[in-house]
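Engineer: Sharing final_37.cif here; it has mmCIF, C-alpha atoms and all ligand atoms.
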```
data_target
#
loop_
_atom_site.label_atom_id
_atom_site.label_comp_id
_atom_site.auth_asym_id
_atom_site.auth_seq_id
_atom_site.Cartn_x
_atom_site.Cartn_y
_atom_site.Cartn_z
CA MET H 70 17.98 -21.54 1.24
CA ASN H 71 20.70 -19.16 0.20
CA LEU H 72 21.92 -17.17 3.15
CA ASN H 73 22.81 -14.17 1.05
CA SER H 74 19.27 -13.79 -0.03
CA ARG H 75 18.05 -13.25 3.51
CA PRO H 76 17.25 -9.67 4.28
CA ASP H 77 19.53 -7.83 6.57
CA PRO H 78 16.98 -7.04 9.30
CA LYS H 79 18.35 -3.55 9.70
CA ALA H 80 18.36 -2.81 6.00
CA VAL H 81 14.77 -3.90 5.65
CA ASN H 82 13.70 -1.34 8.13
CA SER H 83 16.06 1.49 7.45
CA GLY H 84 14.73 3.15 4.40
CA LEU H 85 15.68 0.66 1.71
CA ALA H 86 12.09 -0.29 1.19
CA PRO H 87 10.17 2.78 0.09
CA VAL H 88 6.91 1.03 0.54
CA THR H 89 7.29 0.86 4.25
CA TYR H 90 5.79 2.67 7.15
CA GLY H 91 8.94 4.08 8.45
CA THR H 92 12.54 3.73 9.19
CA GLY H 93 14.20 2.89 12.42
CA ASP H 94 16.39 0.55 14.34
CA ARG H 95 13.73 -1.92 15.31
CA PRO H 96 14.28 -5.28 13.72
CA PRO H 97 11.34 -6.30 11.56
CA ARG H 98 8.82 -8.47 13.35
CA GLY H 99 8.42 -11.46 11.08
CA ASP H 100 10.42 -14.67 10.82
CA TYR H 101 12.69 -14.00 7.87
CA ALA H 102 14.60 -17.23 8.36
CA ALA H 103 11.56 -19.10 7.09
CA ALA H 104 11.36 -17.08 3.86
CA ARG H 105 12.31 -18.29 0.39
CA SER H 106 14.82 -16.41 -1.74
CA ASP H 107 12.03 -14.30 -3.23
CA PHE H 108 10.95 -13.45 0.34
CA THR H 109 7.67 -15.34 0.14
CA CYS H 110 6.81 -17.84 2.88
CA GLU H 111 3.94 -20.00 4.10
CA GLN H 112 1.00 -18.23 5.66
CA GLN H 113 0.79 -20.80 8.49
CA TRP H 114 -2.90 -20.13 8.91
CA ASP H 115 -3.20 -22.75 11.66
CA GLN H 116 -0.98 -20.68 13.88
CA TYR H 117 -3.42 -17.81 14.20
CA THR H 118 -5.13 -17.96 17.59
CA SER H 119 -8.79 -17.36 18.24
CA GLU H 120 -7.73 -14.00 19.72
CA ASP H 121 -6.10 -13.14 16.37
CA HIS H 122 -9.28 -13.93 14.47
CA GLU H 123 -11.30 -11.95 16.96
CA LEU H 124 -9.02 -8.93 16.65
CA TYR H 125 -9.18 -9.16 12.85
CA ARG H 126 -12.98 -9.22 13.07
CA ARG H 127 -13.03 -6.09 15.23
CA LEU H 128 -10.66 -4.27 12.88
CA TYR H 129 -12.69 -5.30 9.86
CA GLU H 130 -16.00 -4.31 11.43
CA ARG H 131 -14.80 -0.89 12.49
CA GLN H 132 -13.37 -0.16 9.06
CA LEU H 133 -16.32 -1.52 7.10
CA ALA H 134 -18.70 0.73 9.02
CA GLN H 135 -16.77 3.83 7.95
CA LEU H 136 -16.55 3.09 4.24
CA PRO H 137 -19.81 4.61 2.96
CA GLY H 138 -19.21 8.16 1.82
CA LEU H 139 -15.45 7.91 2.39
CA ALA H 140 -14.16 4.98 0.29
CA CYS H 141 -14.44 4.81 -3.50
CA GLU H 142 -17.15 2.57 -4.95
CA GLU H 143 -14.67 0.20 -6.59
CA PHE H 144 -13.28 -0.56 -3.15
CA ILE H 145 -16.64 -0.88 -1.42
CA GLY H 146 -17.87 -3.23 -4.13
CA ALA H 147 -14.85 -5.50 -3.78
CA VAL H 148 -14.40 -5.81 0.00
CA ARG H 149 -16.76 -8.77 0.11
CA HIS H 150 -14.18 -10.79 -1.84
CA LEU H 151 -12.16 -10.94 1.39
CA GLY H 152 -14.73 -13.47 2.56
CA ASP H 153 -15.88 -14.25 6.08
CA PRO H 154 -15.02 -11.17 8.19
CA ARG H 155 -14.87 -13.27 11.34
CA GLN H 156 -11.55 -14.82 10.47
CA ILE H 157 -8.27 -13.97 8.84
CA PRO H 158 -8.64 -15.20 5.25
CA ARG H 159 -6.69 -18.15 3.92
CA PHE H 160 -4.43 -16.64 1.27
CA ASP H 161 -4.75 -19.70 -0.99
CA ALA H 162 -8.51 -19.49 -1.17
CA LEU H 163 -8.45 -15.75 -1.77
CA SER H 164 -5.84 -16.13 -4.51
CA GLU H 165 -8.02 -18.59 -6.32
CA VAL H 166 -10.80 -16.02 -6.66
CA LEU H 167 -8.38 -13.22 -7.46
CA ARG H 168 -6.66 -15.22 -10.21
CA LYS H 169 -9.98 -15.78 -11.92
CA THR H 170 -10.85 -12.10 -11.76
CA THR H 171 -7.67 -10.17 -12.61
CA ARG H 172 -4.92 -12.83 -12.83
CA TRP H 173 -3.39 -11.56 -9.57
CA GLU H 174 -2.58 -13.68 -6.54
CA ILE H 175 -1.46 -12.93 -3.02
CA VAL H 176 1.60 -14.46 -1.41
CA ALA H 177 2.64 -14.50 2.24
CA VAL H 178 5.77 -12.63 3.35
CA PRO H 179 7.31 -12.26 6.83
CA GLY H 180 6.82 -8.47 6.79
CA LEU H 181 8.51 -5.59 4.99
CA ILE H 182 10.76 -6.82 2.22
CA PRO H 183 13.50 -5.08 0.22
CA GLU H 184 12.21 -2.96 -2.59
CA GLU H 185 13.69 -5.01 -5.43
CA ALA H 186 11.97 -8.13 -4.15
CA PHE H 187 8.76 -6.18 -3.73
CA PHE H 188 8.89 -4.79 -7.28
CA ALA H 189 9.67 -8.22 -8.71
CA LEU H 190 6.59 -9.74 -7.06
CA LEU H 191 4.31 -6.95 -8.27
CA ALA H 192 5.67 -7.27 -11.80
CA GLN H 193 4.56 -10.94 -11.65
CA ARG H 194 1.10 -9.95 -10.39
CA ARG H 195 1.83 -11.41 -6.96
CA PHE H 196 0.94 -9.14 -4.06
CA PRO H 197 2.94 -9.73 -0.86
CA VAL H 198 0.81 -9.88 2.28
CA THR H 199 2.35 -9.89 5.75
CA GLY H 200 1.49 -13.00 7.72
CA TRP H 201 1.35 -11.61 11.26
CA LEU H 202 -1.45 -9.61 12.83
CA ARG H 203 -0.93 -6.67 15.17
CA LYS H 204 -1.40 -7.04 18.94
CA PRO H 205 -4.63 -5.92 20.64
CA GLU H 206 -2.82 -2.88 22.08
CA GLU H 207 -2.11 -1.84 18.48
CA PHE H 208 -5.81 -1.77 17.58
CA ASP H 209 -5.67 1.91 16.64
CA TYR H 210 -2.19 2.17 15.24
CA VAL H 211 0.54 -0.16 14.05
CA VAL H 212 3.91 1.07 12.83
CA GLU H 213 4.63 -1.64 10.28
CA PRO H 214 2.07 -3.04 7.87
CA ASP H 215 0.39 -6.19 9.21
CA VAL H 216 -2.00 -8.69 7.65
CA PHE H 217 -4.97 -6.40 8.26
CA HIS H 218 -3.43 -3.43 6.46
CA ASP H 219 -2.16 -5.54 3.60
CA LEU H 220 -5.37 -7.48 3.06
CA PHE H 221 -8.09 -5.02 3.87
CA GLY H 222 -6.25 -2.00 2.47
CA HIS H 223 -4.71 -3.42 -0.69
CA VAL H 224 -6.48 -6.54 -1.86
CA PRO H 225 -9.95 -5.20 -2.75
CA LEU H 226 -8.63 -2.91 -5.50
CA LEU H 227 -6.61 -5.76 -6.98
CA PHE H 228 -10.03 -6.99 -8.11
CA ASP H 229 -10.40 -3.84 -10.26
CA PRO H 230 -8.98 -4.53 -13.73
CA GLY H 231 -7.55 -1.03 -14.27
CA PHE H 232 -5.99 -0.75 -10.86
CA ALA H 233 -4.66 -4.30 -11.10
CA ASP H 234 -2.78 -3.35 -14.26
CA TYR H 235 -1.45 -0.20 -12.64
CA MET H 236 0.05 -2.25 -9.81
CA GLN H 237 1.84 -4.57 -12.21
CA ALA H 238 3.14 -1.62 -14.24
CA TYR H 239 4.36 -0.08 -11.02
CA GLY H 240 6.33 -3.23 -10.20
CA ALA H 241 7.98 -3.28 -13.61
CA GLY H 242 8.65 0.45 -13.28
CA GLY H 243 10.21 -0.19 -9.89
CA LEU H 244 12.70 -2.66 -11.29
CA LYS H 245 13.65 -0.06 -13.85
CA ALA H 246 13.86 2.75 -11.29
CA SER H 247 16.16 0.63 -9.20
CA ARG H 248 18.51 0.16 -12.13
CA LEU H 249 18.44 3.93 -12.62
CA GLN H 250 18.89 4.56 -8.89
CA SER H 251 15.74 6.59 -8.86
CA CYS H 252 13.61 4.65 -6.41
CA GLN H 253 13.01 7.64 -4.17
CA TYR H 254 10.96 9.29 -6.92
CA LEU H 255 8.92 6.21 -7.60
CA ALA H 256 8.41 5.54 -3.89
CA ARG H 257 6.66 8.90 -3.58
CA LEU H 258 4.33 7.98 -6.40
CA TYR H 259 3.43 4.77 -4.55
CA TRP H 260 2.94 6.63 -1.34
CA TYR H 261 0.68 9.32 -2.76
CA THR H 262 -1.37 6.94 -4.91
CA VAL H 263 -1.46 3.31 -3.75
CA GLU H 264 -1.16 4.18 -0.06
CA PHE H 265 -2.72 7.63 0.36
CA GLY H 266 -4.55 8.43 -2.87
CA LEU H 267 -7.88 10.22 -3.12
CA ILE H 268 -10.21 10.17 -6.11
CA ALA H 269 -12.76 12.80 -7.16
CA THR H 270 -16.15 11.26 -7.93
CA PRO H 271 -19.49 12.88 -8.80
CA ALA H 272 -20.52 12.24 -5.20
CA GLY H 273 -17.42 13.94 -3.79
CA LEU H 274 -13.88 13.02 -2.76
CA ARG H 275 -13.27 9.40 -1.84
CA ALA H 276 -10.27 7.38 -0.70
CA TYR H 277 -8.62 4.62 -2.73
CA GLY H 278 -5.24 4.46 -0.93
CA ALA H 279 -4.66 1.42 1.28
CA GLY H 280 -2.95 3.35 4.06
CA ILE H 281 -6.06 5.45 4.48
CA LEU H 282 -8.60 2.71 3.92
CA SER H 283 -7.10 0.53 6.63
CA SER H 284 -6.69 3.38 9.11
CA ALA H 285 -9.25 4.02 11.83
CA GLY H 286 -8.64 7.76 12.00
CA GLU H 287 -7.09 8.83 8.73
CA LEU H 288 -9.93 7.72 6.49
CA ARG H 289 -12.26 10.49 7.61
CA TYR H 290 -9.38 12.89 8.15
CA SER H 291 -8.09 12.54 4.59
CA VAL H 292 -11.48 13.03 2.96
CA ALA H 293 -13.13 15.53 5.27
CA SER H 294 -10.77 17.37 7.63
CA PRO H 295 -10.05 21.03 6.81
CA VAL H 296 -6.45 20.58 8.00
CA PRO H 297 -4.58 18.80 5.17
CA GLN H 298 -4.25 20.12 1.65
CA ARG H 299 -5.80 18.19 -1.20
CA LEU H 300 -4.11 18.80 -4.54
CA GLY H 301 -4.77 17.67 -8.09
CA PHE H 302 -2.66 14.73 -9.22
CA ASP H 303 0.58 15.97 -10.80
CA LEU H 304 3.12 13.24 -11.43
CA LYS H 305 6.33 15.26 -11.38
CA ARG H 306 5.18 17.32 -8.44
CA ILE H 307 4.44 14.13 -6.49
CA MET H 308 7.87 12.75 -7.35
CA ARG H 309 9.43 15.80 -5.69
CA THR H 310 7.33 15.68 -2.56
CA ARG H 311 8.54 14.11 0.67
CA TYR H 312 6.01 12.39 2.90
CA LYS H 313 5.20 11.84 6.55
CA ILE H 314 5.75 8.38 7.94
CA ASP H 315 4.74 9.01 11.53
CA SER H 316 1.60 11.14 11.30
CA TYR H 317 -1.38 11.75 9.08
CA GLN H 318 -0.36 13.20 5.72
CA ALA H 319 -0.06 16.96 5.26
CA SER H 320 -1.02 16.66 1.58
CA TYR H 321 -3.16 14.25 -0.40
CA PHE H 322 -3.23 14.08 -4.18
CA VAL H 323 -6.51 13.63 -6.01
CA ILE H 324 -7.00 11.71 -9.25
CA ASP H 325 -10.10 12.04 -11.47
CA SER H 326 -10.13 8.38 -12.42
CA PHE H 327 -7.92 5.29 -12.44
CA GLN H 328 -7.65 5.90 -16.18
CA GLN H 329 -5.95 9.24 -15.49
CA LEU H 330 -3.45 7.46 -13.24
CA ILE H 331 -2.72 4.81 -15.85
CA GLU H 332 -2.27 7.34 -18.65
CA ALA H 333 -0.11 9.71 -16.62
CA THR H 334 2.23 6.88 -15.61
CA ALA H 335 2.43 5.21 -19.03
CA PRO H 336 5.36 7.26 -20.45
CA ASP H 337 8.96 6.24 -19.92
CA PHE H 338 10.05 7.70 -16.59
CA ALA H 339 13.79 7.71 -17.36
CA PRO H 340 13.76 11.30 -18.69
CA TYR H 341 11.64 12.40 -15.74
CA TYR H 342 14.16 10.98 -13.27
CA GLU H 343 16.92 12.71 -15.17
CA ALA H 344 15.13 16.07 -15.04
CA LEU H 345 14.17 15.69 -11.38
CA SER H 346 17.67 15.10 -10.17
CA GLY H 347 18.41 18.82 -10.50
CA VAL H 348 15.18 20.06 -8.93
CA PRO H 349 14.79 20.72 -5.20
CA GLU H 350 12.56 18.45 -3.17
CA LEU H 351 9.38 19.75 -1.61
CA ALA H 352 8.36 19.30 2.00
CA ALA H 353 5.20 17.31 2.67
CA ASP H 354 3.24 20.48 3.40
CA ASP H 355 4.68 22.81 0.76
CA SER H 356 2.29 24.41 -1.68
CA LEU H 357 2.98 25.78 -5.15
CA ALA H 358 1.21 28.41 -7.24
CA THR H 359 0.58 25.72 -9.85
CA ASP H 360 -1.19 23.38 -7.41
CA GLN H 361 -4.81 22.67 -8.17
CA ARG H 362 -6.63 22.77 -4.83
CA TYR H 363 -9.70 20.80 -3.81
N1 LIG Z 401 6.07 4.27 -17.02
C1 LIG Z 401 6.94 3.98 -15.91
C2 LIG Z 401 8.41 3.90 -16.37
O1 LIG Z 401 8.71 3.90 -17.52
C3 LIG Z 401 6.54 2.69 -15.22
C4 LIG Z 401 5.41 2.88 -14.27
C5 LIG Z 401 4.08 2.60 -14.62
C6 LIG Z 401 5.66 3.33 -13.01
C7 LIG Z 401 3.08 2.78 -13.72
C8 LIG Z 401 4.64 3.49 -12.10
C9 LIG Z 401 3.36 3.22 -12.44
O2 LIG Z 401 9.27 3.82 -15.53
FE FE Z 402 0.57 -0.78 2.19
#
```
Using structure tokens, write down the structure from this file.
Ligand code: PHE
Ligand code: FE

Structural biologist:
Amino acid sequence: MNLNSRPDPKAVNSGLAPVTYGTGDRPPRGDYAAARSDFTCEQQWDQYTSEDHELYRRLYERQLAQLPGLACEEFIGAVRHLGDPRQIPRFDALSEVLRKTTRWEIVAVPGLIPEEAFFALLAQRRFPVTGWLRKPEEFDYVVEPDVFHDLFGHVPLLFDPGFADYMQAYGAGGLKASRLQSCQYLARLYWYTVEFGLIATPAGLRAYGAGILSSAGELRYSVASPVPQRLGFDLKRIMRTRYKIDSYQASYFVIDSFQQLIEATAPDFAPYYEALSGVPELAADDSLATDQRY
């Protein structure tokens, strides 16, 4: 493989990838030497140990038990597609079902990948899933996304036709944002929707963001705690708002429907980026008079 295409381990984890769980000096955990030039690799399912499968089962069980009343119905209805909860799914088998449903597939990656590579995969309806699983001592919290976060958090909603299209559009939009050097704005949109989004339903607020849905503590916190603010979805406001990478979020943004998300993000973002470049950023916990509060 082409050496130049290998990620610089520092770059991968130092803020170049907006879709990450943080920045820092730690080298990423996966084996990047085994990755192809598009950063995909083999899952190497046979290398998971029985302890890995057992840890996955415990993570899955704990999360599944919390979903009723906290996760959106689209997510709850689709979790079963992940298959046997007692073992880490085989990506190939899962992709086969996913392709038939929404024309998406999942591909293995060593871990966090540079944003351009990430956008390119999404634009091709290929969702990158980290191969490695956290260690038992990381049962409650893992700094970088692992196979549990990526699969349990993200894959169920890829079975939803509307959300599946949003993810592809996001990938294409990411490639464009990178040409326009505006990735920081788009990264915030990803963060406050795909990772930490809430949705208002007739039964009450529910989570659809993968970062919340795969988190032991933040799922209930995001939906029910009186501490954070919950604000109506506002695209340009979100694009100005910084986020927390090392604690629960200070603010969550609430959509009315996936349709609202799709319509609000359909226009060309180039003029938005242009306009935003002169506007001050907002801190994660700032509030504005124009915010719609839940
Ligand atoms: N409409 C956006 C653009 O022109 C692309 C996009 C769609 C971005 C959906 C995010 C989500 O850049
Ligand atoms: Fe994620």

Engineer: Atom CA of H:Phe196 and atom CA of H:Tyr254, how far apart in Å?

Structural biologist: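 Straight-line distance from atom CA of H:Tyr254 to atom CA of H:Phe196 works out to 21.2 Å.
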
Engineer: Can you tell me which residues sit at most 6 Å away from ligand FE 402 (chain Z), counting all atoms listed in the file, written as a short mmCIF file (atom, residue, chain, number, x, y, z; two decimals) with C-alpha atoms, in the coordinates of the input?

Structural biologist:
```
data_model
loop_
_atom_site.label_atom_id
_atom_site.label_comp_id
_atom_site.auth_asym_id
_atom_site.auth_seq_id
_atom_site.Cartn_x
_atom_site.Cartn_y
_atom_site.Cartn_z
CA ASP H 219 -2.16 -5.54 3.60
CA GLU H 264 -1.16 4.18 -0.06
CA ALA H 279 -4.66 1.42 1.28
CA GLY H 280 -2.95 3.35 4.06
#
```

Engineer: Just to confirm, what's the straight-line distance from atom CA of H:Gly138 to atom CA of H:Val212 in Å (one decimal)?

Structural biologist: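 Separation of atom CA of H:Gly138 and atom CA of H:Val212: 26.6 Å.
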
Engineer: Using all atoms listed in the file, what residues lie at most 12 Å away from (-14.1, -6.1, 15.0) (file coordinates), given as a list in words?

Structural biologist: Glu120, Asp121, His122, Glu123, Leu124, Tyr125, Arg126, Arg127, Leu128, Tyr129, Glu130, Arg131, Gln132, Leu133, Ala134, Pro154, Arg155, Gln156, Ile157, Pro205, Phe208, Asp209, Phe217 and Ala285 of chain H

Engineer: Measuring between all atoms listed in the file, which one of H:Gln116, H:Ser247, H:Thr270, H:Ser106 shows the shortest distance to ligand LIG 401 (chain Z)?

Structural biologist: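 Under the stated criterion, the closest residue is H:Ser247.
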
Engineer: Return the single residue from H:Gln113, H:Thr262, H:Thr334, H:Ser284 that is closest to ligand LIG 401 (chain Z), with distances computed using all atoms listed in the file.

Structural biologist: H:Thr334

Engineer: Separation of atom CA of H:Trp114 and atom CA of H:Arg159, in Å?

Structural biologist: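 Answer for the atom CA of H:Trp114 to atom CA of H:Arg159 separation: 6.6 Å.
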
Engineer: Could you please extract the residues within 12 Å of ligand LIG 401 (chain Z), counting all atoms listed in the file, and hand them back as a count of residues only?

Structural biologist: 55

Engineer: Just want the 9 Å neighbourhood of H:Ala353, counted on all atoms listed in the file, with same-chain residues fewer than 2 positions away dropped. Output as a list in words.

Structural biologist: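 Contacts, with the query itself left out: Thr310, Arg311, Tyr312, Lys313, Gln318, Ala319, Ser320, Leu351, Asp355 and Ser356 of chain H.
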
Engineer: Could the residues of stretch 257-321 of chain H that have an atom at most 12 Å from stretch 143-150 of chain H be listed as JSON lines, each with its closest atom pair and the distance in Å to one decimal, counting only C-alpha atoms and ordered by chain and ascending residue number?

Structural biologist:
```
{"residue": "H:Ile268", "atom": "CA", "partner": "H:Glu143", "partner_atom": "CA", "distance": 10.9}
{"residue": "H:Thr270", "atom": "CA", "partner": "H:Glu143", "partner_atom": "CA", "distance": 11.2}
{"residue": "H:Arg275", "atom": "CA", "partner": "H:Phe144", "partner_atom": "CA", "distance": 10.0}
{"residue": "H:Ala276", "atom": "CA", "partner": "H:Phe144", "partner_atom": "CA", "distance": 8.8}
{"residue": "H:Tyr277", "atom": "CA", "partner": "H:Phe144", "partner_atom": "CA", "distance": 7.0}
{"residue": "H:Gly278", "atom": "CA", "partner": "H:Phe144", "partner_atom": "CA", "distance": 9.7}
{"residue": "H:Ala279", "atom": "CA", "partner": "H:Phe144", "partner_atom": "CA", "distance": 9.9}
{"residue": "H:Leu282", "atom": "CA", "partner": "H:Phe144", "partner_atom": "CA", "distance": 9.1}
{"residue": "H:Ser283", "atom": "CA", "partner": "H:Phe144", "partner_atom": "CA", "distance": 11.6}
```

Engineer: Could those selected residues go to a file with C-alpha atoms, as a CSV table (one decimal), in the coordinates of the input?

Structural biologist:
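Output (out04.csv):
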```
chain,number,residue,atom,x,y,z
H,268,ILE,CA,-10.2,10.2,-6.1
H,270,THR,CA,-16.2,11.3,-7.9
H,275,ARG,CA,-13.3,9.4,-1.8
H,276,ALA,CA,-10.3,7.4,-0.7
H,277,TYR,CA,-8.6,4.6,-2.7
H,278,GLY,CA,-5.2,4.5,-0.9
H,279,ALA,CA,-4.7,1.4,1.3
H,282,LEU,CA,-8.6,2.7,3.9
H,283,SER,CA,-7.1,0.5,6.6
```

Engineer: Which residue is closest to H:Gly152? Choose from H:Val198, H:Val224, H:Ala269, H:Ala104 and count only C-alpha atoms.

Structural biologist: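 For H:Gly152, the nearest of the given residues is H:Val224.
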
Engineer: Which of these, H:Leu181, H:Leu202, H:Val292, H:Ala272, has the shortest distance to H:Tyr363 once you count all atoms listed in the file?

Structural biologist: H:Val292

Engineer: From the options H:Ala352, H:Ile314, H:Leu274, H:Ala344, which residue's atoms come nearest to H:Ser326, counting only C-alpha atoms?

Structural biologist: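 Of H:Ala352, H:Ile314, H:Leu274, H:Ala344, the one nearest H:Ser326 is H:Leu274, counting only C-alpha atoms.
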
Engineer: Within 12 Å of (-1.1, 27.3, -6.5) in the file's own coordinates, which protein, DNA or RNA residues have an atom, counting only C-alpha atoms? List them as a list in words.

Structural biologist: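 Output of the proximity query reads Gln298, Arg299, Leu300, Gly301, Arg306, Asp355, Ser356, Leu357, Ala358, Thr359, Asp360, Gln361, Arg362 and Tyr363 of chain H.
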
Engineer: Restricting the output to C-alpha atoms, write the selected residues as a PDB file, in the frame of the given file.

Structural biologist:
```pdb
ATOM      1  CA  GLN H 298      -4.250  20.120   1.650  1.00  0.00           C
ATOM      2  CA  ARG H 299      -5.800  18.190  -1.200  1.00  0.00           C
ATOM      3  CA  LEU H 300      -4.110  18.800  -4.540  1.00  0.00           C
ATOM      4  CA  GLY H 301      -4.770  17.670  -8.090  1.00  0.00           C
ATOM      5  CA  ARG H 306       5.180  17.320  -8.440  1.00  0.00           C
ATOM      6  CA  ASP H 355       4.680  22.810   0.760  1.00  0.00           C
ATOM      7  CA  SER H 356       2.290  24.410  -1.680  1.00  0.00           C
ATOM      8  CA  LEU H 357       2.980  25.780  -5.150  1.00  0.00           C
ATOM      9  CA  ALA H 358       1.210  28.410  -7.240  1.00  0.00           C
ATOM     10  CA  THR H 359       0.580  25.720  -9.850  1.00  0.00           C
ATOM     11  CA  ASP H 360      -1.190  23.380  -7.410  1.00  0.00           C
ATOM     12  CA  GLN H 361      -4.810  22.670  -8.170  1.00  0.00           C
ATOM     13  CA  ARG H 362      -6.630  22.770  -4.830  1.00  0.00           C
ATOM     14  CA  TYR H 363      -9.700  20.800  -3.810  1.00  0.00           C
TER      15      TYR H 363
END
```

Engineer: Pick out the residues sitting within 6 Å of H:Arg195, and hand them over as a ChimeraX atom specification; count all atoms listed in the file, and ignore anything fewer than 4 positions along from it in its own chain.

Structural biologist: /H:173-175,190-191

Engineer: For H:Phe221, which of H:Gly286, H:Tyr321, H:Gly180, H:Pro158 is the closest residue, counting all atoms listed in the file?

Structural biologist: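 That would be H:Pro158, the residue with the smallest distance to H:Phe221.
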